[in-house]
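**Q** mmCIF, N, CA and C atoms, saved as run-v2.cif, coming up:
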data_data
#
loop_
_atom_site.label_atom_id
_atom_site.label_comp_id
_atom_site.auth_asym_id
_atom_site.auth_seq_id
_atom_site.Cartn_x
_atom_site.Cartn_y
_atom_site.Cartn_z
N MET A 9 -62.90 -87.42 -135.74
CA MET A 9 -63.52 -86.61 -134.73
C MET A 9 -64.67 -87.39 -134.09
N LYS A 10 -64.75 -87.33 -132.79
CA LYS A 10 -65.79 -88.02 -132.04
C LYS A 10 -66.49 -87.00 -131.15
N VAL A 11 -67.82 -86.99 -131.21
CA VAL A 11 -68.60 -86.09 -130.37
C VAL A 11 -69.21 -86.89 -129.23
N ILE A 12 -68.98 -86.42 -128.02
CA ILE A 12 -69.50 -87.06 -126.82
C ILE A 12 -70.40 -86.05 -126.11
N ILE A 13 -71.53 -86.52 -125.62
CA ILE A 13 -72.43 -85.65 -124.86
C ILE A 13 -72.65 -86.27 -123.49
N LEU A 14 -72.22 -85.55 -122.46
CA LEU A 14 -72.46 -85.97 -121.08
C LEU A 14 -73.80 -85.43 -120.65
N SER A 15 -74.65 -86.30 -120.13
CA SER A 15 -75.99 -85.86 -119.76
C SER A 15 -76.50 -86.70 -118.59
N ALA A 16 -77.73 -86.39 -118.17
CA ALA A 16 -78.38 -87.15 -117.10
C ALA A 16 -79.88 -87.14 -117.36
N ILE A 17 -80.56 -88.21 -116.93
CA ILE A 17 -81.99 -88.30 -117.21
C ILE A 17 -82.80 -87.28 -116.42
N TRP A 18 -82.26 -86.76 -115.33
CA TRP A 18 -82.96 -85.78 -114.51
C TRP A 18 -82.72 -84.35 -114.98
N CYS A 19 -81.93 -84.16 -116.02
CA CYS A 19 -81.52 -82.83 -116.50
C CYS A 19 -82.47 -82.35 -117.61
N PRO A 20 -83.29 -81.31 -117.36
CA PRO A 20 -84.21 -80.81 -118.38
C PRO A 20 -83.50 -80.33 -119.65
N ALA A 21 -82.37 -79.66 -119.50
CA ALA A 21 -81.64 -79.18 -120.67
C ALA A 21 -81.13 -80.34 -121.51
N CYS A 22 -80.77 -81.45 -120.86
CA CYS A 22 -80.29 -82.63 -121.58
C CYS A 22 -81.40 -83.24 -122.43
N LEU A 23 -82.60 -83.26 -121.90
CA LEU A 23 -83.75 -83.79 -122.66
C LEU A 23 -84.05 -82.93 -123.86
N ILE A 24 -83.96 -81.62 -123.70
CA ILE A 24 -84.17 -80.70 -124.83
C ILE A 24 -83.10 -80.89 -125.89
N VAL A 25 -81.85 -81.03 -125.46
CA VAL A 25 -80.76 -81.24 -126.41
C VAL A 25 -80.93 -82.55 -127.16
N LYS A 26 -81.35 -83.61 -126.48
CA LYS A 26 -81.57 -84.90 -127.17
C LYS A 26 -82.63 -84.74 -128.27
N SER A 27 -83.67 -83.97 -127.98
CA SER A 27 -84.70 -83.71 -128.98
C SER A 27 -84.12 -82.93 -130.16
N THR A 28 -83.29 -81.96 -129.86
CA THR A 28 -82.65 -81.15 -130.90
C THR A 28 -81.73 -82.02 -131.75
N ILE A 29 -80.98 -82.92 -131.12
CA ILE A 29 -80.08 -83.82 -131.85
C ILE A 29 -80.88 -84.70 -132.81
N ARG A 30 -82.03 -85.20 -132.35
CA ARG A 30 -82.87 -86.03 -133.24
C ARG A 30 -83.30 -85.23 -134.48
N LYS A 31 -83.62 -83.96 -134.33
CA LYS A 31 -83.99 -83.12 -135.46
C LYS A 31 -82.80 -82.92 -136.39
N ILE A 32 -81.63 -82.69 -135.83
CA ILE A 32 -80.42 -82.51 -136.64
C ILE A 32 -80.12 -83.78 -137.43
N GLN A 33 -80.33 -84.94 -136.82
CA GLN A 33 -80.02 -86.20 -137.49
C GLN A 33 -80.91 -86.47 -138.70
N LYS A 34 -82.05 -85.81 -138.79
CA LYS A 34 -82.87 -85.95 -139.99
C LYS A 34 -82.16 -85.36 -141.20
N ASP A 35 -81.40 -84.27 -141.00
CA ASP A 35 -80.63 -83.65 -142.08
C ASP A 35 -79.22 -84.20 -142.19
N TYR A 36 -78.68 -84.66 -141.07
CA TYR A 36 -77.31 -85.16 -141.01
C TYR A 36 -77.29 -86.51 -140.30
N PRO A 37 -77.76 -87.56 -140.97
CA PRO A 37 -77.83 -88.88 -140.31
C PRO A 37 -76.46 -89.41 -139.88
N GLN A 38 -75.40 -88.91 -140.47
CA GLN A 38 -74.06 -89.34 -140.08
C GLN A 38 -73.64 -88.78 -138.72
N PHE A 39 -74.37 -87.79 -138.22
CA PHE A 39 -74.06 -87.21 -136.91
C PHE A 39 -74.59 -88.12 -135.82
N GLN A 40 -73.70 -88.87 -135.22
CA GLN A 40 -74.06 -89.87 -134.20
C GLN A 40 -73.21 -89.66 -132.96
N PRO A 41 -73.56 -88.69 -132.13
CA PRO A 41 -72.77 -88.48 -130.91
C PRO A 41 -72.93 -89.64 -129.94
N GLN A 42 -71.92 -89.82 -129.12
CA GLN A 42 -71.98 -90.84 -128.06
C GLN A 42 -72.50 -90.16 -126.80
N TYR A 43 -73.59 -90.69 -126.25
CA TYR A 43 -74.14 -90.16 -125.01
C TYR A 43 -73.55 -90.92 -123.83
N ILE A 44 -73.17 -90.18 -122.80
CA ILE A 44 -72.71 -90.79 -121.55
C ILE A 44 -73.58 -90.22 -120.44
N ASP A 45 -74.33 -91.09 -119.79
CA ASP A 45 -75.14 -90.67 -118.64
C ASP A 45 -74.22 -90.62 -117.42
N ILE A 46 -74.13 -89.45 -116.80
CA ILE A 46 -73.17 -89.28 -115.72
C ILE A 46 -73.50 -90.09 -114.48
N ASP A 47 -74.75 -90.51 -114.33
CA ASP A 47 -75.14 -91.33 -113.19
C ASP A 47 -74.96 -92.82 -113.47
N GLU A 48 -75.23 -93.25 -114.68
CA GLU A 48 -75.13 -94.66 -115.03
C GLU A 48 -73.70 -95.08 -115.38
N GLU A 49 -72.91 -94.13 -115.88
CA GLU A 49 -71.54 -94.43 -116.30
C GLU A 49 -70.58 -93.49 -115.60
N GLU A 50 -70.60 -93.53 -114.27
CA GLU A 50 -69.82 -92.60 -113.45
C GLU A 50 -68.32 -92.63 -113.76
N THR A 51 -67.77 -93.82 -113.92
CA THR A 51 -66.33 -93.93 -114.16
C THR A 51 -65.94 -93.30 -115.48
N LEU A 52 -66.70 -93.59 -116.51
CA LEU A 52 -66.42 -93.02 -117.82
C LEU A 52 -66.63 -91.51 -117.81
N ALA A 53 -67.70 -91.05 -117.20
CA ALA A 53 -67.98 -89.62 -117.12
C ALA A 53 -66.89 -88.88 -116.34
N ALA A 54 -66.32 -89.54 -115.34
CA ALA A 54 -65.29 -88.91 -114.51
C ALA A 54 -64.06 -88.53 -115.33
N LYS A 55 -63.84 -89.20 -116.44
CA LYS A 55 -62.72 -88.87 -117.32
C LYS A 55 -62.82 -87.42 -117.81
N TYR A 56 -64.03 -86.90 -117.88
CA TYR A 56 -64.26 -85.57 -118.44
C TYR A 56 -64.57 -84.52 -117.37
N GLU A 57 -64.32 -84.82 -116.10
CA GLU A 57 -64.57 -83.89 -115.00
C GLU A 57 -63.72 -82.63 -115.17
N PRO A 58 -64.03 -81.54 -114.55
CA PRO A 58 -65.18 -81.33 -113.69
C PRO A 58 -66.43 -80.96 -114.48
N LEU A 59 -67.57 -81.39 -113.99
CA LEU A 59 -68.84 -81.06 -114.61
C LEU A 59 -69.50 -79.95 -113.79
N LYS A 60 -69.88 -78.88 -114.45
CA LYS A 60 -70.57 -77.81 -113.76
C LYS A 60 -71.96 -77.59 -114.32
N VAL A 61 -72.09 -77.66 -115.63
CA VAL A 61 -73.36 -77.43 -116.29
C VAL A 61 -73.59 -78.55 -117.29
N LEU A 62 -74.76 -79.15 -117.26
CA LEU A 62 -75.11 -80.21 -118.21
C LEU A 62 -76.06 -79.63 -119.25
N PRO A 63 -76.07 -80.20 -120.42
CA PRO A 63 -75.18 -81.23 -120.94
C PRO A 63 -73.81 -80.65 -121.28
N VAL A 64 -72.83 -81.54 -121.41
CA VAL A 64 -71.48 -81.15 -121.81
C VAL A 64 -71.20 -81.81 -123.15
N PHE A 65 -70.79 -80.99 -124.12
CA PHE A 65 -70.44 -81.46 -125.45
C PHE A 65 -68.91 -81.50 -125.54
N ILE A 66 -68.38 -82.62 -125.99
CA ILE A 66 -66.93 -82.79 -126.08
C ILE A 66 -66.58 -83.31 -127.47
N ILE A 67 -65.54 -82.73 -128.06
CA ILE A 67 -65.00 -83.26 -129.30
C ILE A 67 -63.63 -83.83 -128.98
N GLU A 68 -63.45 -85.08 -129.37
CA GLU A 68 -62.15 -85.74 -129.22
C GLU A 68 -61.56 -85.99 -130.60
N ASP A 69 -60.22 -85.90 -130.68
CA ASP A 69 -59.55 -86.25 -131.92
C ASP A 69 -59.36 -87.76 -131.98
N GLU A 70 -58.68 -88.23 -133.02
CA GLU A 70 -58.51 -89.66 -133.23
C GLU A 70 -57.75 -90.35 -132.10
N GLU A 71 -56.91 -89.60 -131.38
CA GLU A 71 -56.13 -90.17 -130.28
C GLU A 71 -56.87 -90.10 -128.94
N GLY A 72 -58.07 -89.54 -128.92
CA GLY A 72 -58.84 -89.45 -127.69
C GLY A 72 -58.56 -88.19 -126.88
N ASN A 73 -57.86 -87.23 -127.49
CA ASN A 73 -57.60 -85.96 -126.81
C ASN A 73 -58.78 -85.02 -126.98
N VAL A 74 -59.17 -84.35 -125.91
CA VAL A 74 -60.27 -83.38 -125.99
C VAL A 74 -59.76 -82.14 -126.70
N VAL A 75 -60.42 -81.79 -127.81
CA VAL A 75 -60.01 -80.61 -128.57
C VAL A 75 -61.00 -79.46 -128.42
N LYS A 76 -62.20 -79.76 -127.96
CA LYS A 76 -63.20 -78.71 -127.74
C LYS A 76 -64.19 -79.20 -126.71
N ARG A 77 -64.68 -78.25 -125.92
CA ARG A 77 -65.65 -78.56 -124.88
C ARG A 77 -66.60 -77.38 -124.75
N MET A 78 -67.89 -77.69 -124.76
CA MET A 78 -68.92 -76.67 -124.58
C MET A 78 -69.98 -77.26 -123.66
N SER A 79 -70.70 -76.39 -122.97
CA SER A 79 -71.74 -76.93 -122.10
C SER A 79 -72.97 -76.04 -122.13
N GLY A 80 -74.06 -76.63 -121.68
CA GLY A 80 -75.33 -75.93 -121.62
C GLY A 80 -76.27 -76.37 -122.72
N GLU A 81 -77.42 -75.75 -122.73
CA GLU A 81 -78.47 -76.08 -123.70
C GLU A 81 -78.19 -75.36 -125.01
N LEU A 82 -77.34 -75.97 -125.85
CA LEU A 82 -76.97 -75.36 -127.12
C LEU A 82 -78.13 -75.46 -128.11
N LYS A 83 -78.30 -74.42 -128.88
CA LYS A 83 -79.35 -74.38 -129.90
C LYS A 83 -78.91 -75.15 -131.14
N LYS A 84 -79.88 -75.48 -131.98
CA LYS A 84 -79.65 -76.30 -133.18
C LYS A 84 -78.57 -75.70 -134.07
N ASP A 85 -78.64 -74.40 -134.34
CA ASP A 85 -77.66 -73.78 -135.24
C ASP A 85 -76.25 -73.82 -134.67
N VAL A 86 -76.13 -73.70 -133.36
CA VAL A 86 -74.81 -73.76 -132.72
C VAL A 86 -74.25 -75.17 -132.80
N ILE A 87 -75.07 -76.17 -132.53
CA ILE A 87 -74.63 -77.56 -132.61
C ILE A 87 -74.17 -77.89 -134.03
N GLU A 88 -74.95 -77.49 -135.01
CA GLU A 88 -74.57 -77.75 -136.41
C GLU A 88 -73.26 -77.06 -136.75
N LYS A 89 -73.12 -75.80 -136.36
CA LYS A 89 -71.90 -75.04 -136.69
C LYS A 89 -70.68 -75.64 -136.00
N GLU A 90 -70.79 -75.95 -134.73
CA GLU A 90 -69.64 -76.39 -133.95
C GLU A 90 -69.28 -77.87 -134.15
N PHE A 91 -70.27 -78.72 -134.37
CA PHE A 91 -70.02 -80.15 -134.35
C PHE A 91 -70.22 -80.86 -135.68
N ILE A 92 -70.83 -80.18 -136.64
CA ILE A 92 -71.02 -80.82 -137.95
C ILE A 92 -70.19 -80.10 -139.01
N HIS A 93 -70.35 -78.78 -139.08
CA HIS A 93 -69.65 -78.02 -140.11
C HIS A 93 -68.24 -77.62 -139.67
N GLY A 94 -68.01 -77.72 -138.35
CA GLY A 94 -66.72 -77.48 -137.73
C GLY A 94 -65.99 -76.31 -138.19
#
Go ahead and express the file in the form of structure tokens.

**A**
Amino acid sequence: MKVIILSAIWCPACLIVKSTIRKIQKDYPQFQPQYIDIDEEETLAAKYEPLKVLPVFIIEDEEGNVVKRMSGELKKDVIEKEFIHG
């Protein structure tokens, strides 16, 4: 399972989520999502279009298929439940 987070430096919710992820990593250091900045990596981000609300959380299986997608400023407990404890 691979967790990808689409974000942008101008997005306030993305900055809050990055802070939340850092807190989660203190308890779960193995949780290492891949961040994709939609402005800096437009081609890669386009693979996951359409984007309506940032940040976008994506779970891919081993073959690269999207199995789950959530968006918005998710709280710590939701991130842990959905992306760590699955």

**Q** Of the residues A:Gln38, A:Ile24, A:Lys10, A:Phe91, which is the one nearest to Ile67 of chain A, using all atoms listed in the file?

**A**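 When distances to Ile67 of chain A are compared using all atoms listed in the file, the smallest one comes from A:Lys10.
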
**Q** Give me the residues within 12 Å of Asp47 of chain A as a list in words, counting only C-alpha atoms and dropping any in the same chain fewer than 4 places off.

**A**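 After dropping sequence-adjacent residues, the list is Leu14, Ser15, Ala16, Ile17, Trp18, Cys19, Tyr43, Thr51, Leu52, Ala53 and Ala54 of chain A.
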
**Q** Hey, what does DSSP flag as helix (DSSP H, G or I) within chain A? Can you give it to me as a ChimeraX atom specification?

**A** /A:20-35,50-54,84-92

**Q** So how far away is atom N of Glu90 of chain A from atom C of Leu59 of chain A, in Å?

**A**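 Computing it gives 21.4 Å between the two atoms.
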
**Q** If you measure from atom C of Val61 of chain A to atom N of Tyr36 of chain A, what distance in Å do you get, rounded to one decimal?

**A**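 For atom C of Val61 of chain A relative to atom N of Tyr36 of chain A, the distance reads 25.1 Å.
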
**Q** Rank A:Lys83, A:Lys60, A:Arg30, A:Arg77 by their smallest atom-to-atom distance to Ile46 of chain A, using only C-alpha atoms, and report the top residue only.

**A** A:Lys60
